[in-house]
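Enquirer: Submitted below is the structure of interest, expressed as structure tokens.
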Amino acid sequence: MGALGIFALPNFISPDGDASGALIFLGSIILATIVAYLFTLLFYKEEANVESTSSTLLSKPYGVLKDSTVYSPLSGEVLPLEEAQDAAFSEGALGQGVMILPNENIVYAPFDGKVKMIFPTKHAIGLEDEAGVEVLIHVGIDTVELQGEGFSTNLKVGDTVKKGQEILRFDKEFIQASGFSLQTPIVVTNSNDFTDVLELKKGEIIANEALLTVTA
């Protein structure tokens, strides 16, 4: 119909006065309107608030992230992550968090969640809680070189864990005698998905005491 809209109808009247073309065209308009109306009744559904939903997804990529507490998986001394002898941790390349110098040989689950990753050498384990916080617990520095000797766990990827549950054991004396540091980084590997990772404890800490708050 072009820019003229309904006023284009006279264009379909032939020069000799035959208006059948205009009537057919008018009938087509009426039919198209009815069909569109019926299709709308049949298939239209109310949409969610697109602006609100988009805003939420932009700020929280997984749509479920919320504030979360990470409890200490170890008893020992809390140290700044910047003091780690491994640059990948000290420079924050693997995420924000802290480091613990353990005084016992048991690692406990820092929250209710599931096992996301276990290194074949069992010196490190990754967990995720129901709020979407992913935490890596890396026992010792460069202990991957021990090829699993001195470490044990009965867990496997996909297992669920409860806060305070034993998840890994290690031989402190053997690790130290082998010349490796016991510095144990605890980092939120998806820190960039959250607003901040706040340290709750300095100095001595006992296992299952609040260690970090992750703010959405």
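Labeling convention for the structure tokens: chains A, B, ... as they appear, residues from 1 per chain, ligands from 1 in order of appearance.
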Which neighbours of A:Leu81 fall inside 6 Å, counting only C-alpha atoms, when residues of the same chain fewer than 2 positions from it are skipped, and could you give them as a ChimeraX atom specification?

Expert: /A:83-84,90,98-99

Enquirer: Output N, CA, C and O atoms for every residue in the selection just made, as a PDB file, in the first residue's frame.

Expert:
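result17.pdb, written as the output of this step:
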```pdb
ATOM      1  N   GLU A  83      51.449 -13.034  50.053  1.00  0.00           N
ATOM      2  CA  GLU A  83      52.701 -13.602  50.551  1.00  0.00           C
ATOM      3  C   GLU A  83      52.974 -15.004  50.017  1.00  0.00           C
ATOM      4  O   GLU A  83      53.996 -15.619  50.347  1.00  0.00           O
ATOM      5  N   ALA A  84      52.078 -15.515  49.181  1.00  0.00           N
ATOM      6  CA  ALA A  84      52.261 -16.868  48.636  1.00  0.00           C
ATOM      7  C   ALA A  84      53.544 -16.949  47.822  1.00  0.00           C
ATOM      8  O   ALA A  84      53.910 -16.009  47.110  1.00  0.00           O
ATOM      9  N   SER A  90      49.882 -15.240  44.455  1.00  0.00           N
ATOM     10  CA  SER A  90      50.213 -13.948  45.061  1.00  0.00           C
ATOM     11  C   SER A  90      49.768 -12.774  44.201  1.00  0.00           C
ATOM     12  O   SER A  90      49.437 -11.704  44.709  1.00  0.00           O
ATOM     13  N   VAL A  98      42.650 -15.993  50.606  1.00  0.00           N
ATOM     14  CA  VAL A  98      43.687 -15.924  51.638  1.00  0.00           C
ATOM     15  C   VAL A  98      44.543 -17.179  51.551  1.00  0.00           C
ATOM     16  O   VAL A  98      44.340 -18.030  50.684  1.00  0.00           O
ATOM     17  N   MET A  99      45.460 -17.270  52.480  1.00  0.00           N
ATOM     18  CA  MET A  99      46.328 -18.437  52.565  1.00  0.00           C
ATOM     19  C   MET A  99      46.356 -18.889  54.013  1.00  0.00           C
ATOM     20  O   MET A  99      46.277 -18.067  54.927  1.00  0.00           O
TER      21      MET A  99
END
```

Enquirer: When you count only C-alpha atoms, which of these residues is closest to A:Gly132: A:Ser28, A:Gln85, A:Ser68, A:Asn154?

Expert: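 Selected residue with least distance to A:Gly132: A:Ser68.
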
Enquirer: With DSSP run on the backbone, what are the helix (DSSP H, G or I) residues within stretch 4-189 of chain A? I'd like them as an NGL selection string.

Expert: :A and (4-12 or 20-43 or 50-59 or 81-83 or 87-90 or 143-146 or 172-177)

Enquirer: Give me the residues within 8 Å of A:Lys122 as a PyMOL selection string, counting only C-alpha atoms and dropping any in the same chain fewer than 4 places off.

Expert: chain A and resi 118+148+151-153

Enquirer: Leaving out A:Leu155 and any residue of its chain fewer than 3 positions from it, which residues lie within 10 Å of it when counting only C-alpha atoms, given as a ChimeraX atom specification?

Expert: /A:115,117-118,122,125,152,158-161,166-168

Enquirer: Using only C-alpha atoms, what table do you get, as JSON lines, when you list each residue of stretch 141-167 of chain A with an atom no more than 12 Å from stretch 200-207 of chain A, its nearest pair of atoms, and their distance in Å rounded to one decimal, rows by chain then rising number?

Expert:
```
{"residue": "A:Lys163", "atom": "CA", "partner": "A:Ala207", "partner_atom": "CA", "distance": 10.3}
{"residue": "A:Gly164", "atom": "CA", "partner": "A:Ala207", "partner_atom": "CA", "distance": 7.8}
{"residue": "A:Gln165", "atom": "CA", "partner": "A:Ala207", "partner_atom": "CA", "distance": 10.5}
{"residue": "A:Glu166", "atom": "CA", "partner": "A:Ala207", "partner_atom": "CA", "distance": 10.5}
```

Enquirer: Rank A:Val187, A:Ala124, A:Val70, A:Ile106 by their smallest atom-to-atom distance to A:Thr215, using only C-alpha atoms, and report the top residue only.

Expert: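 Nearest to A:Thr215: A:Val70.
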
Enquirer: Please, which residues of chain A, numbered as in this document, come out strand (DSSP E or B) from DSSP, as a PyMOL selection string?

Expert: chain A and resi 68-71+76-80+96-102+106-108+113-118+124-129+134-138+151-152+160-161+166-170+184-188+196-199+203-205+210-215

Enquirer: Nearest residue to A:Glu173 out of A:Asn11, A:Thr69, A:Asn103, A:Thr33, using only C-alpha atoms?

Expert: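 Using only C-alpha atoms, the shortest distance to A:Glu173 belongs to A:Asn103.
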